[in-house]
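> First the structure, then my questions, so here it is.
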Amino acid sequence: MTNSAALTLQPSQLAMAISNPGSLGTIEAYITTVNRLPVLSAEQEMTLARRLRDNEDIAAARELVLSHLRLVVSVARQYLGYGLPHADLIQEGNVGLMKAVKRFDPERGVRLVSFAVHWIKAEIHEYVVRNWRMVKVATTKAQRKLFFNLRSMRPDGQTLDTDQVADIAATLKVSPEDVREMEVRMSGRELSLENQDEDDESYAPIAYLSDEGRSDPSQVLERHANDVRQASGLTHALELLDERSRRIVEARWLQDDGGATLHDLAAEFGVSAERIRQIEVAAMKKMRSHLS
(Lines give C-alpha, C1' and ligand atoms only; values in the text may rest on other atoms or scores of the structure.)
Protein backbone atom coordinates (compact mmCIF):
# COMPACT_ATOMS: atom_id res chain seq x y z
CA MET A 1 0.00 0.00 0.00
CA THR A 2 1.13 3.53 -0.67
CA ASN A 3 2.81 5.11 2.33
CA SER A 4 1.03 8.35 3.38
CA ALA A 5 4.41 9.85 4.18
CA ALA A 6 5.22 9.77 0.50
CA LEU A 7 2.51 12.29 -0.25
CA THR A 8 3.78 15.78 -0.97
CA LEU A 9 1.11 17.40 1.24
CA GLN A 10 1.27 17.47 5.02
CA PRO A 11 -1.81 16.19 6.94
CA SER A 12 -2.72 19.74 7.97
CA GLN A 13 -2.79 20.73 4.30
CA LEU A 14 -4.81 17.78 3.02
CA ALA A 15 -8.26 19.07 3.99
CA MET A 16 -7.48 22.58 2.79
CA ALA A 17 -6.23 21.32 -0.56
CA ILE A 18 -9.39 19.31 -1.11
CA SER A 19 -11.90 21.92 0.02
CA ASN A 20 -10.07 24.97 -1.34
CA PRO A 21 -7.63 24.60 -4.27
CA GLY A 22 -6.46 28.17 -3.69
CA SER A 23 -5.05 27.26 -0.27
CA LEU A 24 -1.72 26.31 -1.86
CA GLY A 25 -1.25 29.72 -3.45
CA THR A 26 -1.96 29.74 -7.16
CA ILE A 27 -4.14 27.29 -9.03
CA GLU A 28 -1.04 26.25 -10.99
CA ALA A 29 0.69 25.27 -7.73
CA TYR A 30 -2.32 23.20 -6.73
CA ILE A 31 -2.44 21.39 -10.07
CA THR A 32 1.29 20.69 -9.96
CA THR A 33 0.96 19.28 -6.45
CA VAL A 34 -1.99 16.98 -7.10
CA ASN A 35 -0.39 15.66 -10.28
CA ARG A 36 2.54 14.48 -8.17
CA LEU A 37 0.34 12.43 -5.85
CA PRO A 38 0.81 8.68 -6.39
CA VAL A 39 -1.73 6.71 -8.39
CA LEU A 40 -3.15 3.65 -6.62
CA SER A 41 -3.07 0.20 -8.15
CA ALA A 42 -6.30 -1.81 -8.35
CA GLU A 43 -5.25 -3.89 -5.33
CA GLN A 44 -4.39 -0.82 -3.24
CA GLU A 45 -7.65 0.84 -4.20
CA MET A 46 -9.71 -2.21 -3.21
CA THR A 47 -7.91 -2.55 0.12
CA LEU A 48 -8.50 1.10 0.99
CA ALA A 49 -12.14 0.96 -0.12
CA ARG A 50 -12.77 -2.08 2.06
CA ARG A 51 -11.17 -0.37 5.03
CA LEU A 52 -13.44 2.59 4.50
CA ARG A 53 -16.56 0.49 4.04
CA ASP A 54 -15.95 -1.94 6.89
CA ASN A 55 -14.20 0.25 9.45
CA GLU A 56 -15.10 3.81 8.38
CA ASP A 57 -11.36 4.42 8.11
CA ILE A 58 -10.93 8.16 7.47
CA ALA A 59 -7.26 7.73 6.54
CA ALA A 60 -8.27 5.28 3.81
CA ALA A 61 -10.88 7.72 2.51
CA ARG A 62 -8.27 10.47 2.42
CA GLU A 63 -5.88 8.39 0.33
CA LEU A 64 -8.65 7.45 -2.09
CA VAL A 65 -9.59 11.10 -2.51
CA LEU A 66 -6.03 12.35 -2.86
CA SER A 67 -5.13 9.78 -5.49
CA HIS A 68 -8.02 10.99 -7.67
CA LEU A 69 -7.63 14.77 -7.33
CA ARG A 70 -5.90 14.84 -10.73
CA LEU A 71 -9.10 13.39 -12.22
CA VAL A 72 -11.08 16.34 -10.86
CA VAL A 73 -8.59 18.78 -12.38
CA SER A 74 -8.94 17.06 -15.75
CA VAL A 75 -12.75 17.08 -15.67
CA ALA A 76 -12.98 20.68 -14.41
CA ARG A 77 -10.79 21.85 -17.31
CA GLN A 78 -13.56 20.81 -19.71
CA TYR A 79 -15.86 23.49 -18.25
CA LEU A 80 -13.56 26.51 -18.48
CA GLY A 81 -15.53 27.80 -21.49
CA TYR A 82 -18.37 28.90 -19.23
CA GLY A 83 -16.29 31.74 -17.79
CA LEU A 84 -16.23 30.47 -14.21
CA PRO A 85 -13.04 30.35 -12.08
CA HIS A 86 -11.03 27.16 -12.56
CA ALA A 87 -10.44 26.91 -8.80
CA ASP A 88 -14.19 27.01 -8.11
CA LEU A 89 -14.86 24.31 -10.70
CA ILE A 90 -12.20 22.12 -9.10
CA GLN A 91 -13.59 22.76 -5.65
CA GLU A 92 -17.07 21.65 -6.70
CA GLY A 93 -15.61 18.63 -8.48
CA ASN A 94 -13.78 17.68 -5.28
CA VAL A 95 -17.13 17.64 -3.48
CA GLY A 96 -18.41 15.18 -6.08
CA LEU A 97 -15.28 13.07 -5.68
CA MET A 98 -15.75 12.83 -1.92
CA LYS A 99 -19.39 11.80 -2.42
CA ALA A 100 -18.25 9.12 -4.86
CA VAL A 101 -15.63 7.77 -2.43
CA LYS A 102 -18.26 7.54 0.30
CA ARG A 103 -20.62 5.53 -1.94
CA PHE A 104 -18.01 3.41 -3.75
CA ASP A 105 -18.48 -0.37 -3.53
CA PRO A 106 -15.20 -2.22 -4.22
CA GLU A 107 -17.00 -5.52 -4.83
CA ARG A 108 -18.71 -4.39 -8.04
CA GLY A 109 -15.57 -4.83 -10.09
CA VAL A 110 -15.45 -1.20 -11.23
CA ARG A 111 -12.50 1.12 -10.65
CA LEU A 112 -13.14 4.23 -8.60
CA VAL A 113 -12.14 6.47 -11.50
CA SER A 114 -15.06 5.20 -13.63
CA PHE A 115 -17.51 5.55 -10.76
CA ALA A 116 -16.31 8.94 -9.55
CA VAL A 117 -16.34 10.76 -12.89
CA HIS A 118 -20.15 10.81 -12.93
CA TRP A 119 -20.34 12.32 -9.43
CA ILE A 120 -17.68 14.88 -10.27
CA LYS A 121 -19.51 16.00 -13.41
CA ALA A 122 -22.82 16.14 -11.58
CA GLU A 123 -21.47 18.56 -8.96
CA ILE A 124 -19.76 20.73 -11.58
CA HIS A 125 -22.91 20.76 -13.72
CA GLU A 126 -24.95 21.98 -10.77
CA TYR A 127 -22.42 24.69 -10.00
CA VAL A 128 -22.26 25.90 -13.62
CA VAL A 129 -26.05 26.06 -13.98
CA ARG A 130 -26.35 27.86 -10.64
CA ASN A 131 -23.68 30.46 -11.32
CA TRP A 132 -23.38 30.94 -15.09
CA ARG A 133 -26.11 33.56 -15.07
CA MET A 134 -27.94 35.49 -12.37
CA VAL A 135 -31.15 34.14 -13.87
CA LYS A 136 -31.25 30.36 -14.16
CA VAL A 137 -31.07 29.13 -17.74
CA ALA A 138 -31.70 25.45 -17.08
CA THR A 139 -34.03 23.87 -14.55
CA THR A 140 -35.53 20.79 -16.23
CA LYS A 141 -33.64 17.68 -17.30
CA ALA A 142 -34.10 18.53 -20.99
CA GLN A 143 -32.85 22.09 -20.45
CA ARG A 144 -29.74 20.87 -18.62
CA LYS A 145 -28.98 18.42 -21.40
CA LEU A 146 -29.28 21.21 -23.95
CA PHE A 147 -27.26 23.66 -21.86
CA PHE A 148 -24.22 21.37 -21.74
CA ASN A 149 -24.42 20.18 -25.35
CA LEU A 150 -25.83 22.99 -27.46
CA ARG A 151 -22.68 25.13 -27.53
CA SER A 152 -20.56 22.36 -29.04
CA MET A 153 -23.34 21.33 -31.45
CA ARG A 154 -23.83 24.81 -32.93
CA PRO A 155 -21.61 25.17 -36.02
CA ASP A 156 -19.31 28.17 -35.50
CA GLY A 157 -21.70 29.47 -32.85
CA GLN A 158 -24.10 30.68 -35.55
CA THR A 159 -27.89 30.84 -35.26
CA LEU A 160 -29.44 27.45 -35.98
CA ASP A 161 -31.66 26.95 -38.99
CA THR A 162 -34.74 24.70 -38.99
CA ASP A 163 -32.88 21.57 -40.16
CA GLN A 164 -30.14 22.00 -37.56
CA VAL A 165 -32.71 22.48 -34.80
CA ALA A 166 -34.46 19.28 -35.89
CA ASP A 167 -31.17 17.33 -35.97
CA ILE A 168 -30.14 18.51 -32.49
CA ALA A 169 -33.59 17.79 -31.07
CA ALA A 170 -33.49 14.25 -32.49
CA THR A 171 -29.96 13.62 -31.21
CA LEU A 172 -30.67 14.83 -27.68
CA LYS A 173 -34.25 13.48 -27.62
CA VAL A 174 -35.83 16.83 -26.82
CA SER A 175 -38.40 18.95 -28.66
CA PRO A 176 -37.37 21.52 -31.31
CA GLU A 177 -39.09 24.17 -29.17
CA ASP A 178 -36.74 23.33 -26.29
CA VAL A 179 -33.74 23.74 -28.61
CA ARG A 180 -34.95 27.15 -29.81
CA GLU A 181 -35.69 28.35 -26.28
CA MET A 182 -32.25 27.32 -24.98
CA GLU A 183 -30.55 28.95 -27.96
CA VAL A 184 -32.26 32.24 -27.10
CA ARG A 185 -31.38 31.90 -23.40
CA MET A 186 -27.71 31.21 -24.10
CA SER A 187 -27.45 34.01 -26.65
CA GLY A 188 -28.84 36.65 -24.31
CA ARG A 189 -26.85 38.65 -21.81
CA GLU A 190 -27.59 40.15 -18.44
CA LEU A 191 -28.08 43.89 -18.14
CA SER A 192 -27.94 45.75 -14.86
CA LEU A 193 -30.97 47.87 -14.06
CA GLU A 194 -28.84 50.29 -12.11
CA ASN A 195 -26.20 52.62 -13.52
CA GLN A 196 -22.77 50.96 -13.36
CA ASP A 197 -20.97 54.02 -14.72
CA GLU A 198 -19.66 56.82 -12.55
CA ASP A 199 -20.96 59.29 -15.12
CA ASP A 200 -24.19 60.67 -13.64
CA GLU A 201 -25.49 61.61 -17.08
CA SER A 202 -25.42 58.08 -18.45
CA TYR A 203 -28.73 56.24 -18.55
CA ALA A 204 -29.62 52.85 -17.11
CA PRO A 205 -32.76 50.75 -17.72
CA ILE A 206 -34.13 51.72 -14.31
CA ALA A 207 -34.49 55.30 -15.61
CA TYR A 208 -36.78 54.51 -18.52
CA LEU A 209 -38.66 51.40 -17.34
CA SER A 210 -40.95 53.49 -15.17
CA ASP A 211 -44.65 53.33 -15.99
CA GLU A 212 -45.48 56.72 -14.47
CA GLY A 213 -46.52 55.13 -11.22
CA ARG A 214 -49.18 52.89 -12.74
CA SER A 215 -47.11 49.78 -12.02
CA ASP A 216 -45.95 50.85 -8.59
CA PRO A 217 -45.96 47.67 -6.45
CA SER A 218 -47.95 49.28 -3.63
CA GLN A 219 -50.62 50.42 -6.08
CA VAL A 220 -50.80 46.99 -7.70
CA LEU A 221 -51.28 45.38 -4.29
CA GLU A 222 -53.88 47.96 -3.31
CA ARG A 223 -55.85 47.40 -6.51
CA HIS A 224 -55.69 43.64 -6.01
CA ALA A 225 -56.90 43.94 -2.41
CA ASN A 226 -59.74 46.21 -3.54
CA ASP A 227 -60.77 43.74 -6.24
CA VAL A 228 -60.83 40.95 -3.67
CA ARG A 229 -62.95 43.03 -1.31
CA GLN A 230 -65.40 43.93 -4.04
CA ALA A 231 -65.74 40.33 -5.21
CA SER A 232 -66.25 39.13 -1.65
CA GLY A 233 -68.83 41.88 -0.95
CA LEU A 234 -70.74 41.09 -4.13
CA THR A 235 -70.88 37.42 -3.21
CA HIS A 236 -72.26 38.22 0.23
CA ALA A 237 -74.79 40.67 -1.22
CA LEU A 238 -76.08 38.06 -3.68
CA GLU A 239 -76.48 35.58 -0.83
CA LEU A 240 -78.95 37.98 0.85
CA LEU A 241 -81.37 37.71 -2.09
CA ASP A 242 -84.03 35.09 -2.61
CA GLU A 243 -83.42 32.57 -5.37
CA ARG A 244 -85.55 34.36 -8.01
CA SER A 245 -84.05 37.80 -7.32
CA ARG A 246 -80.52 36.38 -7.41
CA ARG A 247 -81.23 34.65 -10.73
CA ILE A 248 -82.55 37.89 -12.24
CA VAL A 249 -79.56 39.97 -11.10
CA GLU A 250 -77.03 37.39 -12.28
CA ALA A 251 -78.78 36.93 -15.64
CA ARG A 252 -79.05 40.70 -16.21
CA TRP A 253 -75.69 41.96 -14.95
CA LEU A 254 -73.20 39.18 -14.36
CA GLN A 255 -73.05 37.49 -17.75
CA ASP A 256 -70.22 37.90 -20.26
CA ASP A 257 -72.55 37.81 -23.26
CA GLY A 258 -74.39 41.00 -22.35
CA GLY A 259 -77.06 39.45 -20.13
CA ALA A 260 -80.69 38.49 -20.55
CA THR A 261 -83.47 40.94 -21.42
CA LEU A 262 -86.48 41.66 -19.26
CA HIS A 263 -88.66 39.80 -21.75
CA ASP A 264 -86.37 36.74 -21.65
CA LEU A 265 -86.71 36.53 -17.89
CA ALA A 266 -90.43 37.28 -18.02
CA ALA A 267 -90.89 34.25 -20.25
CA GLU A 268 -88.71 32.15 -17.93
CA PHE A 269 -90.67 33.00 -14.77
CA GLY A 270 -94.10 33.38 -16.39
CA VAL A 271 -94.65 36.99 -15.31
CA SER A 272 -94.66 40.36 -17.06
CA ALA A 273 -91.53 42.24 -18.02
CA GLU A 274 -92.62 45.04 -15.69
CA ARG A 275 -92.69 42.60 -12.78
CA ILE A 276 -89.16 41.47 -13.58
CA ARG A 277 -88.06 45.13 -13.61
CA GLN A 278 -89.59 45.71 -10.19
CA ILE A 279 -87.88 42.66 -8.71
CA GLU A 280 -84.59 43.79 -10.22
CA VAL A 281 -84.88 47.30 -8.76
CA ALA A 282 -85.69 45.95 -5.31
CA ALA A 283 -82.81 43.46 -5.44
CA MET A 284 -80.30 46.08 -6.56
CA LYS A 285 -81.45 48.44 -3.80
CA LYS A 286 -80.93 45.72 -1.18
CA MET A 287 -77.48 44.88 -2.54
CA ARG A 288 -76.37 48.53 -2.63
CA SER A 289 -77.46 48.94 0.96
CA HIS A 290 -75.35 45.97 1.98
CA LEU A 291 -72.27 47.04 -0.01
CA SER A 292 -72.36 50.57 1.37
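Following the order of the C-alpha coordinates, chains are lettered A, B, ..., residues in each are numbered from 1, and ligands are numbered from 1.
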Using only C-alpha atoms, which protein or nucleic acid residues come within 8 Å of region 236-249 of chain A? Drop anything in the same chain fewer than 3 positions from it, and give the result as a PyMOL selection string.

chain A and resi 232-233+252-254+265+276+279-280+283-284+286-287+290-291

> Just want the 8 Å neighbourhood of region 56-63 of chain A, counted on only C-alpha atoms, with same-chain residues fewer than 5 positions away dropped. Output as an MDAnalysis selection string.

chainID A and resid 4 48:49 51 101:102

> Take CA of Ser114 (chain A) and CA of Val129 (chain A) and report the distance between them in Å, one decimal.

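The value is 23.6 Å.
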